[in-house]
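What follows is a single structure, written as structure tokens, with notes after it.
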Amino acid sequence: PYSAGYGSVEAEMIARADHTDFDFGPDNHRVFDFVDDATQGTEYQTAIKPYRKRKDGRGAIMALKRQYAGKDTYARRYAEGEKMIAIQWKGTGHYPMSKHVQRHRIGFGIIETCAPHMSGCVPTATLRVRRLLDSIVTSDPSLHAAITLIEQDDVEGGMRNDFEKAATALQRADPVNKRLSSDNSKRNLSGVDGADIGLAVILKQGRGPKTGVHLRWHPPKEFKALQKPERDELQAWRKKYPKVAERSIPK
């Protein structure tokens, strides 16, 4: 029912459609409206601008294909993807492994999209892992151990043949993430006031360094029974660490 060169009735009807008959004009305008709506607020609006006055949908689509879907465009995007996955990760600064892995995901996604439209090849799962491991430059022993485990896990479904599994193992051993977590803990500690820092010290020691008085709340009768040096040290402690002293009062 259709010519062998077209592959289907629909494909042959599209190829043989007359662009001058009565139905083409309204359809062409509707197509332009669809394209215009879809490209609102994007960089693609510039490409279809010359076709807006005539509402030439076919012309707008052809312009988009020429500018954004031609072989040159796919080749350029493919090269961008290759460049992304070639960037080395050295485990310095504040760039964690998770961001490096995400960059590889995006880069491989671009390559997979562009490869069918040009002579480029789509990387296999094993090659994806290999490219990820090759991009890591580090002397961290934990990360080296993780890389060794990945390379040795060369079975079906193993880490060497599964990008996401390998990425998970690398992120668990990430020295940058560990360092950032440690820095955050230090900042949180330095952000508390003297009372909270003193609490850690006092809970460990429990007694004044000068007189050995118990650094806690004392009932009035017990407080009066203390020696003057003990009362002085206790009052100095309360003044220096008021929040700690307040927490020691029975509720």
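Residues are named by chain letter and number: chains run A, B, ... in the order of the structure tokens, numbers start at 1 in each chain, and ligands are numbered from 1 in the order shown.
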Check which residues of range 125-193 of chain A sit at most 9 Å from range 92-114 of chain A using only C-alpha atoms, and return one row each with the closest pair of atoms and their distance in Å to one decimal, ordered by chain and rising number, as CSV.
```
residue,atom,partner,partner_atom,distance
A:Arg128,CA,A:Phe108,CA,7.9
A:Arg131,CA,A:His104,CA,8.9
A:Leu132,CA,A:His104,CA,7.2
A:Thr138,CA,A:Thr92,CA,8.9
A:Ala167,CA,A:Val101,CA,6.5
A:Thr168,CA,A:Ser98,CA,8.8
A:Leu170,CA,A:Met97,CA,7.2
A:Gln171,CA,A:Met97,CA,5.6
A:Ala173,CA,A:Met97,CA,9.0
A:Asp174,CA,A:Met97,CA,6.0
A:Pro175,CA,A:Pro96,CA,8.1
A:Val176,CA,A:Pro96,CA,5.3
A:Asn177,CA,A:Pro96,CA,5.6
A:Arg179,CA,A:His94,CA,8.8
A:Leu180,CA,A:His94,CA,7.2
```
Expected file contents, prior selection, all heavy atoms, as a short mmCIF file (atom, residue, chain, number, x, y, z; two decimals), in the first residue's frame:
```
data_model
loop_
_atom_site.label_atom_id
_atom_site.label_comp_id
_atom_site.auth_asym_id
_atom_site.auth_seq_id
_atom_site.Cartn_x
_atom_site.Cartn_y
_atom_site.Cartn_z
N ARG A 128 32.40 3.53 30.69
CA ARG A 128 31.99 4.67 31.52
C ARG A 128 32.71 4.63 32.87
O ARG A 128 33.21 5.64 33.35
CB ARG A 128 30.48 4.67 31.74
CG ARG A 128 29.66 5.08 30.54
CD ARG A 128 28.21 5.23 30.90
NE ARG A 128 28.01 6.33 31.85
CZ ARG A 128 26.84 6.63 32.41
NH1 ARG A 128 25.77 5.90 32.14
NH2 ARG A 128 26.73 7.65 33.24
N ARG A 131 36.44 5.46 32.37
CA ARG A 131 36.67 6.88 32.18
C ARG A 131 36.55 7.63 33.50
O ARG A 131 37.28 8.59 33.76
CB ARG A 131 35.68 7.45 31.16
CG ARG A 131 35.81 6.91 29.74
CD ARG A 131 37.08 7.36 29.05
NE ARG A 131 37.13 8.79 28.85
CZ ARG A 131 36.61 9.42 27.79
NH1 ARG A 131 36.00 8.72 26.83
NH2 ARG A 131 36.73 10.72 27.66
N LEU A 132 35.61 7.21 34.34
CA LEU A 132 35.45 7.84 35.66
C LEU A 132 36.69 7.61 36.53
O LEU A 132 37.22 8.54 37.15
CB LEU A 132 34.20 7.31 36.35
CG LEU A 132 33.93 7.82 37.78
CD1 LEU A 132 33.79 9.33 37.80
CD2 LEU A 132 32.69 7.15 38.36
N THR A 138 44.49 11.10 42.91
CA THR A 138 44.50 11.26 44.36
C THR A 138 45.53 10.34 45.00
O THR A 138 45.89 9.31 44.43
CB THR A 138 43.11 10.96 44.95
OG1 THR A 138 43.14 11.16 46.37
CG2 THR A 138 42.69 9.53 44.65
N ALA A 167 30.12 4.63 41.30
CA ALA A 167 30.01 6.00 41.81
C ALA A 167 29.68 6.01 43.29
O ALA A 167 30.21 6.81 44.06
CB ALA A 167 28.94 6.76 41.02
N THR A 168 28.81 5.10 43.71
CA THR A 168 28.44 5.02 45.13
C THR A 168 29.65 4.67 45.99
O THR A 168 29.88 5.26 47.05
CB THR A 168 27.34 3.97 45.33
OG1 THR A 168 26.18 4.35 44.59
CG2 THR A 168 26.97 3.83 46.80
N LEU A 170 32.81 5.20 45.31
CA LEU A 170 33.75 6.32 45.31
C LEU A 170 33.29 7.44 46.24
O LEU A 170 34.10 8.04 46.96
CB LEU A 170 33.93 6.87 43.89
CG LEU A 170 34.62 5.94 42.90
CD1 LEU A 170 34.53 6.51 41.49
CD2 LEU A 170 36.09 5.72 43.28
N GLN A 171 32.00 7.71 46.24
CA GLN A 171 31.48 8.79 47.08
C GLN A 171 31.59 8.45 48.57
O GLN A 171 31.79 9.33 49.40
CB GLN A 171 30.03 9.09 46.71
CG GLN A 171 29.90 9.75 45.34
CD GLN A 171 28.46 9.95 44.92
OE1 GLN A 171 27.77 10.85 45.37
NE2 GLN A 171 27.98 9.07 44.04
N ALA A 173 34.02 6.90 49.91
CA ALA A 173 35.42 7.07 50.30
C ALA A 173 35.95 8.47 50.02
O ALA A 173 37.15 8.71 50.15
CB ALA A 173 36.28 6.04 49.55
N ASP A 174 35.07 9.38 49.64
CA ASP A 174 35.47 10.72 49.23
C ASP A 174 36.16 11.49 50.36
O ASP A 174 35.53 11.83 51.37
CB ASP A 174 34.23 11.49 48.77
CG ASP A 174 34.56 12.91 48.34
OD1 ASP A 174 35.76 13.22 48.15
OD2 ASP A 174 33.62 13.71 48.19
N PRO A 175 37.45 11.80 50.23
CA PRO A 175 38.15 12.54 51.29
C PRO A 175 37.69 13.99 51.41
O PRO A 175 37.74 14.58 52.49
CB PRO A 175 39.62 12.48 50.86
CG PRO A 175 39.57 12.29 49.37
CD PRO A 175 38.35 11.45 49.12
N VAL A 176 37.23 14.58 50.30
CA VAL A 176 36.76 15.97 50.35
C VAL A 176 35.49 16.07 51.18
O VAL A 176 35.34 16.96 52.02
CB VAL A 176 36.50 16.50 48.93
CG1 VAL A 176 35.87 17.89 48.98
CG2 VAL A 176 37.80 16.55 48.14
N ASN A 177 34.56 15.14 50.97
CA ASN A 177 33.33 15.16 51.73
C ASN A 177 33.60 14.95 53.22
O ASN A 177 32.96 15.59 54.08
CB ASN A 177 32.38 14.07 51.22
CG ASN A 177 31.00 14.19 51.80
OD1 ASN A 177 30.38 15.25 51.78
ND2 ASN A 177 30.49 13.10 52.34
N ARG A 179 36.34 15.78 54.77
CA ARG A 179 36.97 16.99 55.27
C ARG A 179 35.94 18.10 55.46
O ARG A 179 35.98 18.84 56.46
CB ARG A 179 38.05 17.45 54.30
CG ARG A 179 38.85 18.65 54.81
CD ARG A 179 40.05 18.94 53.93
NE ARG A 179 39.70 19.34 52.59
CZ ARG A 179 39.90 18.59 51.51
NH1 ARG A 179 40.43 17.39 51.61
NH2 ARG A 179 39.55 19.03 50.32
N LEU A 180 35.01 18.23 54.52
CA LEU A 180 33.96 19.24 54.64
C LEU A 180 33.08 18.98 55.84
O LEU A 180 32.68 19.90 56.56
CB LEU A 180 33.12 19.28 53.36
CG LEU A 180 33.83 19.79 52.10
CD1 LEU A 180 32.90 19.69 50.91
CD2 LEU A 180 34.29 21.23 52.29
#
```
Can you pull out every residue within 7 Å of range 11-15 of chain A, counting only C-alpha atoms, but drop anything in the same chain fewer than 4 positions away, and send it as a compact mmCIF listing (two decimals) with all heavy atoms, in the first residue's frame?
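Below you can see selection07.txt, which holds the result:
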```txt
# COMPACT_ATOMS: atom_id res chain seq x y z
N TYR A 2 2.15 1.15 0.10
CA TYR A 2 3.03 2.32 0.09
C TYR A 2 4.33 1.94 -0.62
O TYR A 2 4.68 0.77 -0.75
CB TYR A 2 3.32 2.82 1.50
CG TYR A 2 3.84 1.75 2.44
CD1 TYR A 2 5.21 1.43 2.48
CD2 TYR A 2 2.98 1.06 3.28
CE1 TYR A 2 5.68 0.45 3.33
CE2 TYR A 2 3.45 0.07 4.13
CZ TYR A 2 4.79 -0.23 4.17
OH TYR A 2 5.26 -1.21 5.01
N TYR A 6 9.57 4.71 1.39
CA TYR A 6 9.04 5.51 2.49
C TYR A 6 8.83 4.71 3.78
O TYR A 6 8.86 5.25 4.87
CB TYR A 6 7.72 6.17 2.06
CG TYR A 6 7.90 7.15 0.93
CD1 TYR A 6 7.48 6.84 -0.36
CD2 TYR A 6 8.52 8.37 1.14
CE1 TYR A 6 7.66 7.73 -1.40
CE2 TYR A 6 8.71 9.27 0.10
CZ TYR A 6 8.27 8.95 -1.18
OH TYR A 6 8.46 9.83 -2.22
N GLY A 7 8.55 3.44 3.68
CA GLY A 7 8.45 2.61 4.88
C GLY A 7 7.08 2.54 5.51
O GLY A 7 6.81 1.64 6.31
```
Just want the 10 Å neighbourhood of Asp27 in chain A, counted on only C-alpha atoms, with same-chain residues fewer than 4 positions away dropped. Output as a short mmCIF file (atom, residue, chain, number, x, y, z; two decimals) with C-alpha atoms, in the first residue's frame.
```cif
data_model
loop_
_atom_site.label_atom_id
_atom_site.label_comp_id
_atom_site.auth_asym_id
_atom_site.auth_seq_id
_atom_site.Cartn_x
_atom_site.Cartn_y
_atom_site.Cartn_z
CA PHE A 22 -6.10 24.94 0.74
CA ASP A 23 -5.40 22.95 3.92
CA VAL A 31 2.32 24.43 13.63
CA PHE A 32 3.97 27.80 14.08
CA ASP A 33 1.80 28.52 17.12
CA ASP A 56 5.35 29.84 8.79
CA GLY A 57 5.51 26.73 10.96
CA ARG A 58 7.38 24.64 8.42
#
```
* To do: Do a neighbour search on Ala38 in chain A at 12 Å with only C-alpha atoms, toss out local chain neighbours closer than 6 positions, and write the hits as a ChimeraX atom specification.
  => /A:31-32,44-45,48,60-61
* Can you list, as a list of chain:residue names, every protein, DNA or RNA residue that comes within 12 Å of Ser119 in chain A when you count only C-alpha atoms, leaving out same-chain residues fewer than 2 positions away? -> A:Lys71, A:Asp72, A:Tyr74, A:Ala75, A:Tyr78, A:Ile111, A:Glu112, A:Cys114, A:Ala115, A:Pro116, A:His117, A:Cys121, A:Val122
Now that the selection is made, can you save its residues with C-alpha atoms as a PDB file, in the first residue's frame?
```
ATOM      1  CA  LYS A  71      25.540  17.442  12.129  1.00  0.00           C
ATOM      2  CA  ASP A  72      27.782  20.332  13.136  1.00  0.00           C
ATOM      3  CA  TYR A  74      25.760  17.320  17.259  1.00  0.00           C
ATOM      4  CA  ALA A  75      29.507  17.201  16.683  1.00  0.00           C
ATOM      5  CA  TYR A  78      29.551  15.565  21.458  1.00  0.00           C
ATOM      6  CA  ILE A 111      27.394  11.836  24.213  1.00  0.00           C
ATOM      7  CA  GLU A 112      24.573   9.283  24.125  1.00  0.00           C
ATOM      8  CA  CYS A 114      24.608  13.018  19.921  1.00  0.00           C
ATOM      9  CA  ALA A 115      26.316   9.757  18.951  1.00  0.00           C
ATOM     10  CA  PRO A 116      23.461   8.347  16.775  1.00  0.00           C
ATOM     11  CA  HIS A 117      23.570  11.485  14.606  1.00  0.00           C
ATOM     12  CA  CYS A 121      30.313   5.846  19.578  1.00  0.00           C
ATOM     13  CA  VAL A 122      28.255   5.432  22.736  1.00  0.00           C
TER      14      VAL A 122
END
```
* May I have all residues of range 69-216 of chain A that DSSP, computed from the backbone, assigns to alpha helix (DSSP H), given as a ChimeraX atom specification? => /A:71-86,97-114,125-134,141-152,163-172,175-191,194-205
* To do: Go ahead and compute the interatomic distance for CA of Glu43 in chain A and CA of Tyr68 in chain A, in Å to one decimal.
  =>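 Computed distance, CA of Glu43 in chain A to CA of Tyr68 in chain A, equals 10.3 Å.
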* **Residue neighbourhood Glu233 in chain A, 9 Å, only C-alpha atoms, exclusion window fewer than 4 positions, as an NGL selection string** => :A and (208-211 or 213 or 215 or 228-229 or 237-238)
With N, CA, C and O atoms retained, write the just-selected residues as a PDB file, in the first residue's frame.
```pdb
ATOM      1  N   GLY A 208      35.899  21.963  90.550  1.00  0.00           N
ATOM      2  CA  GLY A 208      36.722  23.130  90.335  1.00  0.00           C
ATOM      3  C   GLY A 208      38.191  22.801  90.461  1.00  0.00           C
ATOM      4  O   GLY A 208      38.583  22.047  91.359  1.00  0.00           O
ATOM      5  N   PRO A 209      39.038  23.326  89.610  1.00  0.00           N
ATOM      6  CA  PRO A 209      40.467  22.995  89.628  1.00  0.00           C
ATOM      7  C   PRO A 209      41.200  23.550  90.857  1.00  0.00           C
ATOM      8  O   PRO A 209      42.263  23.047  91.208  1.00  0.00           O
ATOM      9  N   LYS A 210      40.651  24.574  91.496  1.00  0.00           N
ATOM     10  CA  LYS A 210      41.348  25.192  92.623  1.00  0.00           C
ATOM     11  C   LYS A 210      41.010  24.527  93.956  1.00  0.00           C
ATOM     12  O   LYS A 210      41.909  24.157  94.722  1.00  0.00           O
ATOM     13  N   THR A 211      39.706  24.387  94.236  1.00  0.00           N
ATOM     14  CA  THR A 211      39.297  23.884  95.549  1.00  0.00           C
ATOM     15  C   THR A 211      38.696  22.494  95.495  1.00  0.00           C
ATOM     16  O   THR A 211      38.484  21.863  96.534  1.00  0.00           O
ATOM     17  N   VAL A 213      35.667  21.960  94.546  1.00  0.00           N
ATOM     18  CA  VAL A 213      34.237  22.076  94.805  1.00  0.00           C
ATOM     19  C   VAL A 213      33.454  21.492  93.638  1.00  0.00           C
ATOM     20  O   VAL A 213      33.861  21.594  92.483  1.00  0.00           O
ATOM     21  N   LEU A 215      31.082  21.466  90.787  1.00  0.00           N
ATOM     22  CA  LEU A 215      30.571  22.539  89.935  1.00  0.00           C
ATOM     23  C   LEU A 215      29.164  22.191  89.481  1.00  0.00           C
ATOM     24  O   LEU A 215      28.942  21.635  88.415  1.00  0.00           O
ATOM     25  N   LYS A 228      34.774  29.602 102.140  1.00  0.00           N
ATOM     26  CA  LYS A 228      34.730  30.809 101.309  1.00  0.00           C
ATOM     27  C   LYS A 228      35.450  30.611  99.971  1.00  0.00           C
ATOM     28  O   LYS A 228      34.915  31.017  98.922  1.00  0.00           O
ATOM     29  N   PRO A 229      36.645  30.008  99.946  1.00  0.00           N
ATOM     30  CA  PRO A 229      37.290  29.788  98.641  1.00  0.00           C
ATOM     31  C   PRO A 229      36.440  28.929  97.708  1.00  0.00           C
ATOM     32  O   PRO A 229      36.432  29.139  96.487  1.00  0.00           O
ATOM     33  N   TRP A 237      32.528  30.362  88.586  1.00  0.00           N
ATOM     34  CA  TRP A 237      32.107  29.402  87.545  1.00  0.00           C
ATOM     35  C   TRP A 237      30.722  29.741  87.018  1.00  0.00           C
ATOM     36  O   TRP A 237      30.465  29.717  85.827  1.00  0.00           O
ATOM     37  N   ARG A 238      29.794  30.070  87.958  1.00  0.00           N
ATOM     38  CA  ARG A 238      28.433  30.418  87.545  1.00  0.00           C
ATOM     39  C   ARG A 238      28.432  31.663  86.660  1.00  0.00           C
ATOM     40  O   ARG A 238      27.667  31.763  85.704  1.00  0.00           O
TER      41      ARG A 238
END
```
* **Near-Leu226 in chain A list (12 Å; only C-alpha atoms; drop same-chain fewer than 6 positions) as a PyMOL selection string** => chain A and resi 211-214+218-220+232-235
Got time to write the residues from that selection, N, CA, C and O atoms, as a PDB file, in the first residue's frame?
```pdb
ATOM      1  N   THR A 211      39.706  24.387  94.236  1.00  0.00           N
ATOM      2  CA  THR A 211      39.297  23.884  95.549  1.00  0.00           C
ATOM      3  C   THR A 211      38.696  22.494  95.495  1.00  0.00           C
ATOM      4  O   THR A 211      38.484  21.863  96.534  1.00  0.00           O
ATOM      5  N   GLY A 212      38.389  22.019  94.287  1.00  0.00           N
ATOM      6  CA  GLY A 212      37.749  20.718  94.169  1.00  0.00           C
ATOM      7  C   GLY A 212      36.263  20.753  94.452  1.00  0.00           C
ATOM      8  O   GLY A 212      35.626  19.700  94.551  1.00  0.00           O
ATOM      9  N   VAL A 213      35.667  21.960  94.546  1.00  0.00           N
ATOM     10  CA  VAL A 213      34.237  22.076  94.805  1.00  0.00           C
ATOM     11  C   VAL A 213      33.454  21.492  93.638  1.00  0.00           C
ATOM     12  O   VAL A 213      33.861  21.594  92.483  1.00  0.00           O
ATOM     13  N   HIS A 214      32.315  20.835  93.932  1.00  0.00           N
ATOM     14  CA  HIS A 214      31.447  20.299  92.882  1.00  0.00           C
ATOM     15  C   HIS A 214      30.839  21.458  92.096  1.00  0.00           C
ATOM     16  O   HIS A 214      30.181  22.331  92.674  1.00  0.00           O
ATOM     17  N   HIS A 218      23.915  24.140  94.164  1.00  0.00           N
ATOM     18  CA  HIS A 218      23.894  23.726  95.567  1.00  0.00           C
ATOM     19  C   HIS A 218      22.689  24.371  96.244  1.00  0.00           C
ATOM     20  O   HIS A 218      22.488  25.585  96.116  1.00  0.00           O
ATOM     21  N   PRO A 219      21.907  23.606  97.004  1.00  0.00           N
ATOM     22  CA  PRO A 219      20.819  24.211  97.790  1.00  0.00           C
ATOM     23  C   PRO A 219      21.398  25.266  98.747  1.00  0.00           C
ATOM     24  O   PRO A 219      22.576  25.186  99.129  1.00  0.00           O
ATOM     25  N   PRO A 220      20.618  26.264  99.138  1.00  0.00           N
ATOM     26  CA  PRO A 220      21.129  27.358  99.989  1.00  0.00           C
ATOM     27  C   PRO A 220      21.860  26.877 101.235  1.00  0.00           C
ATOM     28  O   PRO A 220      22.935  27.396 101.560  1.00  0.00           O
ATOM     29  N   ASP A 232      33.637  31.110  96.398  1.00  0.00           N
ATOM     30  CA  ASP A 232      34.161  32.056  95.409  1.00  0.00           C
ATOM     31  C   ASP A 232      34.394  31.381  94.061  1.00  0.00           C
ATOM     32  O   ASP A 232      34.054  31.925  93.004  1.00  0.00           O
ATOM     33  N   GLU A 233      34.958  30.175  94.122  1.00  0.00           N
ATOM     34  CA  GLU A 233      35.203  29.466  92.866  1.00  0.00           C
ATOM     35  C   GLU A 233      33.894  29.063  92.199  1.00  0.00           C
ATOM     36  O   GLU A 233      33.754  29.152  90.971  1.00  0.00           O
ATOM     37  N   LEU A 234      32.915  28.659  93.006  1.00  0.00           N
ATOM     38  CA  LEU A 234      31.615  28.266  92.468  1.00  0.00           C
ATOM     39  C   LEU A 234      30.907  29.461  91.839  1.00  0.00           C
ATOM     40  O   LEU A 234      30.325  29.359  90.753  1.00  0.00           O
ATOM     41  N   GLN A 235      30.956  30.610  92.491  1.00  0.00           N
ATOM     42  CA  GLN A 235      30.320  31.809  91.954  1.00  0.00           C
ATOM     43  C   GLN A 235      31.015  32.285  90.677  1.00  0.00           C
ATOM     44  O   GLN A 235      30.370  32.751  89.728  1.00  0.00           O
TER      45      GLN A 235
END
```
